[in-house]
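What follows is a single structure, written as structure tokens, with notes after it.
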Amino acid sequence: MAFIRKKQQEQQLQLYSKERFSLLLLNLEEYYFEQHRANHILHKGSHHERKIRGSLKICSKSVIFEPDSISQPIIKIPLRDCIKIGKHGENGANRHFTKAKSGGISLIFSQVYFIKEHNVVAPYKIERGKMEYVFELDVPGKVEDVVETLLQLHRASCLDKLGDQTAMITAILQSRLARTSFDKNRFQNISEKLHMECKAEMVTPLVTNPGHVCITDTNLYFQPLNGYPKPVVQITLQDVRRIYKRRHGLMPLGLEVFCTEDDLCSDIYLKFYEPQDRDDLYFYIATYLEHHVAEHTAESYMLQWQRGHLSNYQYLLHLNNLADRSCNDLSQYPVFPWIIHDYSSSELDLSNPGTFRDLSKPVGALNKERLERLLTRYQEMPEPKFMYGSHYSSPGYVLFYLVRIAPEYMLCLQNGRFDNADRMFNSIAETWKNCLDGATDFKELIPEFYGDDVSFLVNSLKLDLGKRQGGQMVDDVELPPWASSPEDFLQKSKDALESNYVSEHLHEWIDLIFGYKQKGSDAVGAHNVFHPLTYEGGVDLNSIQDPDEKVAMLTQILEFGQTPKQLFVTPHPRRITPKFKSLSQTSSYNASMADSPVSPGEESFEDLTEESKTLAWNNITKLQLHEHYKIHKEAVTGITVSRNGSSVFTTSQDSTLKMFSKESKMLQRSISFSNMALSSCLLLPGDATVITSSWDNNVYFYSIAFGRRQDTLMGHDDAVSKICWHDNRLYSASWDSTVKVWSGVPAEMPGTKRHHFDLLAELEHDVSVDTISLNAASTLLVSGTKEGTVNIWDLTTATLMHQIPCHSGIVCDTAFSPDSRHVLSTGADGCLNVIDVQTGMLISSMTSDEPQRCFVWDGNSVLSGSQSGELLIWDLLGAKISERIQGHTGAVTCIWMNEQCSSIITGGEDRQIIFWKLQY
């Protein structure tokens, strides 16, 4: 998992440096500047004098001596506790010794910490009382400089105000950075071209490490000022998969770089001193990545999740990443929900809704009695009001869960101590109960609860974490009765997260944490209001003049926890997995045996059709032009084909309907109904009648058997732009701003009687309607207007469900996905937009440099016809164009695909129809 992998990376770096020392031995917000090989001289000048070999490390608030022998403890002397710092013997009897060999530094102090004796991680031992330690540097000539540095840092540590201390240490750090620069000898290749260099800090949990960032045409480098944990960290730009701008300490200064696609653990997290440096570096890497990697948005990940291509776990990882959550920043560590409510049963029943926590409520609102008490306090509170005094995620909460694998982080956060044994993470059930009942405990979970590594549940390091009131030692985490082992606990937690219940309700929790219920009146209504300081924009640190107040505010923000960046401002669509076969992880047509109407071993026709569709779309990039025919005098506007595939009917702006024989490759009929353009055509069931729409405001019915116009429907006051038919109902869209629904009673004998039509409904629009489409069941209709609005209508009630202004020009084409969950629209603005039918939310938008005039799609991939005549194949889930295929010499104006998705015909402005072949 994230933290565990990050810790493994750090351990590898420490193996490289062969040190017990870690930046976690420093105080929060402390810097490690330099180290010197030295001896710690015990009992100086006496018969018992002895030397302990090691490294002396100069830090901004302390001096640390790391002995080479692991049996000896690391010594940490806080500078604020120093009484006197100087060269050994410069004021006293040992003065002659100093002149003879001036390599000694004397520290007189009142308090010292002993850490990691015998390399055992344990609470720090403290010794108090006036003491003197002498350290003898290997290079005597450096003593003067080191003493001078220590005196300067000592003055900073002894300043009364924390803000003044911070300002002075920052000045010392910036001075050191200004006197150094990136060592170009560290470039991997002498031919590398330097693009930019600046100062920055590498961020890891609880600590930051200052140095220099350098980017070339092939690599990103970070060189720590102190050379720790290695001289240079290098990342090859070609390996980079994702980059994110980050808030660090509520400031827009962070940048995180990932060389993996699906992981929370980044390869480097940098904090810059100037937002411009961060933005310049981001721009350079992003420009490089444009040619290699597709950028994903929350909406594009949502589409993948809805369609079953991302698990609940993967989707939450991506949302955390996009919302500034990072495993490098414990104040913004990834947050995951409590899923299970039952921690007492011997068996875990994932089919019982009562097993699960209510995901529509924050943790603080799960207990009704506690919530009532909190609301009473909230109502009596002066502005700014908040319901919860603590957050659902903070550094303390993260380390509460991870103390067994990250004890040094806990010791760092708590000044060398573990928490009280009874307050430790002792039991899953106890922790959940406290989150339900505790007056100040509202914490959620971390990704590790749904991962594969059990080490955070097991005291494998044999840490002495203290003794509880009942006398038992704190050891492994106590599991619920339904878990036979830590591995079983994690597996069942993962199963719960991916269960149908959670899939159906996870969007409710996303609304609280990342969505529209995070802020404002919706947050109040959902009982989801936290302290103002936890929200992005809750405080402007730059506006605070008092340095003390600023440092105190920042410390409070970092320790208290931060609300994720808001990703959605409208309700998040739900994912209803059982109802849609396409959400199966294995294939889009793999229904369970229980749902199948056929006996085992027998394939239904529907299964074969689904298999054919899947095979066709998997090979859609291998589409090849087969035959082309110029049969019209103007642009082709519509294509429909007889069920046996032998006859192709086309309409055109040349006002004719034509019938083309695929077998004889001959034009068989040409029919003209008026002198105005025909806009679309379709075949009625039975292949006896073709319907065409015209710019002369009419819809025409043509009998194939009798070769004549059978009927005319004069239904509109302006051009009819598109028609659809289903189950004896005709749907006609017009530039007169309406879509009309007609009941079409068929003639008893084709060609003998006229059709009879009744107007059932009129769907009013503000402007002309250019395109319409029905869903598979004909319960929904989508329309696109000339002003760029997409409208979704419920045909059962003839009411408007959603009106989405998502294009900046004419909507060229619209269509529902096969499962009716989404609508895709294309426009003159070159955009392909995916809309969630349930919520009306625009969940994905991709752009091309020209309009896409028409398309077919399977919910995941799109085959579109462009203004230039190319066919474009889009991977919506990967947010990229997979293939461009040259076709027409002018715009592709219409496209037809058979039910099995194996046969494709396109029409264009070049007056041609083109037959395409799929290469399997």
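Ordering of the structure tokens sets the chain letters (A, B, ...); residue numbers start at 1 within each chain; ligands are numbered from 1 in the order shown.
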
Exercise for the section: Using DSSP on the backbone, list every residue of stretch 608-708 of chain A that comes out as strand (DSSP E), and give them as an MDAnalysis selection string. Expected result: chainID A and resid 623:630 636:641 647:652 656:661 666:672 678:683 689:694 698:703 708

Selection above as a file: C-alpha atoms, as an mmCIF file, in the first residue's frame:
```
data_model
loop_
_atom_site.group_PDB
_atom_site.id
_atom_site.type_symbol
_atom_site.label_atom_id
_atom_site.label_comp_id
_atom_site.auth_asym_id
_atom_site.auth_seq_id
_atom_site.Cartn_x
_atom_site.Cartn_y
_atom_site.Cartn_z
ATOM 1 C CA LEU A 623 -11.106 -0.525 -40.228
ATOM 2 C CA GLN A 624 -10.212 -0.413 -43.946
ATOM 3 C CA LEU A 625 -11.866 1.315 -46.887
ATOM 4 C CA HIS A 626 -13.415 -1.412 -49.070
ATOM 5 C CA GLU A 627 -15.550 0.204 -51.823
ATOM 6 C CA HIS A 628 -16.828 3.675 -52.623
ATOM 7 C CA TYR A 629 -19.534 4.947 -54.960
ATOM 8 C CA LYS A 630 -20.560 8.465 -55.993
ATOM 9 C CA VAL A 636 -25.237 12.525 -48.475
ATOM 10 C CA THR A 637 -27.421 13.168 -45.396
ATOM 11 C CA GLY A 638 -28.762 9.765 -44.361
ATOM 12 C CA ILE A 639 -28.118 6.013 -44.724
ATOM 13 C CA THR A 640 -30.317 3.038 -43.871
ATOM 14 C CA VAL A 641 -29.919 -0.592 -44.929
ATOM 15 C CA SER A 647 -30.218 -2.775 -50.301
ATOM 16 C CA VAL A 648 -28.749 0.562 -49.166
ATOM 17 C CA PHE A 649 -31.033 3.617 -49.038
ATOM 18 C CA THR A 650 -29.522 7.098 -48.927
ATOM 19 C CA THR A 651 -30.844 10.655 -48.794
ATOM 20 C CA SER A 652 -29.042 13.778 -49.952
ATOM 21 C CA THR A 656 -33.368 12.511 -53.779
ATOM 22 C CA LEU A 657 -33.812 9.179 -52.030
ATOM 23 C CA LYS A 658 -31.697 6.509 -53.719
ATOM 24 C CA MET A 659 -31.701 2.725 -53.491
ATOM 25 C CA PHE A 660 -28.362 1.055 -54.141
ATOM 26 C CA SER A 661 -27.847 -2.711 -54.532
ATOM 27 C CA MET A 666 -25.760 -0.706 -59.131
ATOM 28 C CA LEU A 667 -28.092 2.171 -58.414
ATOM 29 C CA GLN A 668 -31.608 0.686 -58.606
ATOM 30 C CA ARG A 669 -33.905 3.614 -57.823
ATOM 31 C CA SER A 670 -33.854 7.401 -57.502
ATOM 32 C CA ILE A 671 -36.902 9.137 -56.036
ATOM 33 C CA SER A 672 -37.557 12.859 -55.627
ATOM 34 C CA LEU A 678 -33.774 15.482 -47.632
ATOM 35 C CA SER A 679 -32.194 15.350 -44.173
ATOM 36 C CA SER A 680 -32.451 11.722 -42.953
ATOM 37 C CA CYS A 681 -33.991 8.334 -43.669
ATOM 38 C CA LEU A 682 -34.983 5.110 -41.924
ATOM 39 C CA LEU A 683 -36.549 1.739 -42.788
ATOM 40 C CA THR A 689 -41.358 1.259 -46.264
ATOM 41 C CA VAL A 690 -38.656 3.949 -46.201
ATOM 42 C CA ILE A 691 -39.334 7.190 -44.328
ATOM 43 C CA THR A 692 -37.429 10.368 -45.188
ATOM 44 C CA SER A 693 -37.423 13.840 -43.619
ATOM 45 C CA SER A 694 -37.151 16.995 -45.674
ATOM 46 C CA ASN A 698 -42.594 17.256 -44.375
ATOM 47 C CA VAL A 699 -41.937 13.592 -43.661
ATOM 48 C CA TYR A 700 -42.364 11.248 -46.657
ATOM 49 C CA PHE A 701 -43.239 7.525 -46.697
ATOM 50 C CA TYR A 702 -42.023 5.505 -49.673
ATOM 51 C CA SER A 703 -43.293 1.986 -50.495
ATOM 52 C CA ARG A 708 -44.079 5.114 -55.025
#
```

Give one line per residue of stretch 222-250 of chain A that approaches stretch 32-42 of chain A to at most 12 Å, naming the two atoms of the closest pair and their distance in Å to one decimal, counting only C-alpha atoms; sort by chain then ascending residue number and deliver it as a tab-separated table.
```
residue	atom	partner	partner_atom	distance
A:Pro224	CA	A:Phe33	CA	9.6
A:Leu225	CA	A:Phe33	CA	7.0
A:Asn226	CA	A:Glu34	CA	5.3
A:Gly227	CA	A:Glu34	CA	8.3
A:Tyr228	CA	A:Tyr32	CA	8.8
A:Pro229	CA	A:Tyr32	CA	11.0
```

Exercise for the section: Please measure the separation of atom CA of A:Ser393 and atom CA of A:Leu24, giving the value in Å to one decimal. Expected result: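 According to the coordinates, atom CA of A:Ser393 and atom CA of A:Leu24 are separated by 20.9 Å.
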
Handout entry: Proximity to A:Asp875 - best of A:Leu436, A:Ala891, A:Ile172, A:Leu303, only C-alpha atoms
Key =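 Under the stated criterion, the closest residue is A:Leu303.
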
Problem - Coordinates-based distance that separates atom CA of A:Val257 from atom CA of A:Thr216 (Å, one decimal) - result: 15.4 Å

Exercise for the section: Skip A:Gly537 itself and residues of its chain fewer than 5 positions away, then list as a PyMOL selection string all residues within 10 Å of it, counting only C-alpha atoms. Expected result: chain A and resi 250-251+532+565

Handout entry: Test item: residues at most 7 Å from stretch 849-858 of chain A, only C-alpha atoms, excluding those fewer than 2 positions along its chain, as a list of chain:residue names
Key =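 Here the qualifying residues turn out to be A:Cys812, A:Asp813, A:Ser817, A:Pro818, A:Thr826, A:Gly827, A:Ala828, A:Asp829, A:Gly830, A:Thr847, A:Asn860, A:Ser861, A:Val862, A:Leu863, A:Ser864, A:Gly865, A:Ser866, A:Gln867, A:Val892, A:Thr893, A:Cys894, A:Ile895.
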
Exercise for the section: One decimal, Å: what's the distance from atom CA of A:Lys385 over to atom CA of A:His572, could you say? Expected result: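 Atom CA of A:Lys385 sits 26.4 Å away from atom CA of A:His572.
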
Handout entry: Minimum-distance residue to A:Gln152, chosen among A:Arg80, A:Lys492, A:Lys116, A:Lys130 (using only C-alpha atoms)
Key =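 The shortest atom-to-atom distance to A:Gln152 comes from A:Arg80.
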
Practice task
May I ask which of the residues A:Glu408, A:Glu559, A:Glu197, A:Asp217 is the closest one to A:Tyr333, counting only C-alpha atoms?
Solution key: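 Closest to A:Tyr333, using only C-alpha atoms: A:Glu559.
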
Practice task
May I have the residues within 10 Å of A:Phe356 as number ranges by chain, using only C-alpha atoms and disregarding those fewer than 4 positions away in the same chain?
Solution key: A: 338-342, 349-352, 496-497, 501-502

With C-alpha atoms retained, write the just-selected residues as a PDB file, in the first residue's frame.
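Generated output (part_29.pdb):
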```pdb
ATOM      1  CA  TRP A 338     -15.520   3.012   6.836  1.00  0.00           C
ATOM      2  CA  ILE A 339     -17.618   0.484   4.896  1.00  0.00           C
ATOM      3  CA  ILE A 340     -18.549  -2.242   7.386  1.00  0.00           C
ATOM      4  CA  HIS A 341     -20.852  -1.601  10.348  1.00  0.00           C
ATOM      5  CA  ASP A 342     -20.794  -5.139  11.784  1.00  0.00           C
ATOM      6  CA  ASP A 349     -22.943 -11.246   5.396  1.00  0.00           C
ATOM      7  CA  LEU A 350     -22.267  -8.941   2.422  1.00  0.00           C
ATOM      8  CA  SER A 351     -25.755  -9.576   1.040  1.00  0.00           C
ATOM      9  CA  ASN A 352     -27.339  -7.909   4.098  1.00  0.00           C
ATOM     10  CA  ALA A 496     -17.068  -5.303   1.093  1.00  0.00           C
ATOM     11  CA  LEU A 497     -15.665  -2.272  -0.745  1.00  0.00           C
ATOM     12  CA  TYR A 501     -24.274  -2.423  -1.878  1.00  0.00           C
ATOM     13  CA  VAL A 502     -21.204  -0.183  -1.812  1.00  0.00           C
TER      14      VAL A 502
END
```

Completion exercise
Min atom-atom distance to A:Leu533 from the set A:Gln304, A:Thr555, A:Thr287, A:Ser825, counting only C-alpha atoms, belongs to A:Thr555

Handout entry: Shell of 8 Å around stretch 258-263 of chain A, only C-alpha atoms, local chain residues under 5 positions omitted, as a PyMOL selection string
Key = chain A and resi 2+239-243+268+314+317-318

Take the residues that were just selected and, keeping C-alpha atoms, output them as an mmCIF file, in the first residue's frame.
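And here's again37.cif as it stands now:
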```cif
data_model
loop_
_atom_site.group_PDB
_atom_site.id
_atom_site.type_symbol
_atom_site.label_atom_id
_atom_site.label_comp_id
_atom_site.auth_asym_id
_atom_site.auth_seq_id
_atom_site.Cartn_x
_atom_site.Cartn_y
_atom_site.Cartn_z
ATOM 1 C CA ALA A 2 0.904 3.652 -0.333
ATOM 2 C CA ASP A 239 9.004 7.255 -17.431
ATOM 3 C CA VAL A 240 6.643 9.928 -16.073
ATOM 4 C CA ARG A 241 2.970 8.984 -16.290
ATOM 5 C CA ARG A 242 1.187 11.646 -14.211
ATOM 6 C CA ILE A 243 1.963 14.992 -12.606
ATOM 7 C CA ILE A 268 9.010 12.574 -6.019
ATOM 8 C CA GLN A 314 -9.082 2.333 -7.938
ATOM 9 C CA LEU A 317 -7.371 6.288 -5.318
ATOM 10 C CA HIS A 318 -7.713 8.520 -8.381
#
```

Practice task
Fewer than 5 positions away in the same chain doesn't count, so skip those; otherwise give me all residues within 10 Å of A:Leu319, counting only C-alpha atoms, as a PyMOL selection string.
Solution key: chain A and resi 297-299+301-302+314+324-325+334-335+510+513-514+564-567

Create the file for the chosen residues now, containing C-alpha atoms and written as a compact mmCIF listing (two decimals), in the first residue's frame.
```txt
# COMPACT_ATOMS: atom_id res chain seq x y z
CA THR A 297 -9.77 14.39 -15.11
CA ALA A 298 -12.11 13.42 -12.31
CA GLU A 299 -14.83 13.17 -14.95
CA TYR A 301 -12.13 8.55 -14.22
CA MET A 302 -15.82 8.73 -13.28
CA GLN A 314 -9.08 2.33 -7.94
CA ASP A 324 -4.50 16.90 -3.46
CA ARG A 325 -4.26 13.86 -1.19
CA PRO A 334 -5.64 9.67 1.13
CA VAL A 335 -8.98 9.16 2.85
CA ILE A 510 -18.09 10.90 -2.64
CA ILE A 513 -15.88 14.11 0.82
CA PHE A 514 -15.13 15.32 -2.72
CA PRO A 564 -9.86 17.51 0.13
CA LYS A 565 -10.07 19.83 -2.84
CA GLN A 566 -13.67 19.87 -4.12
CA LEU A 567 -13.92 17.87 -7.36
```
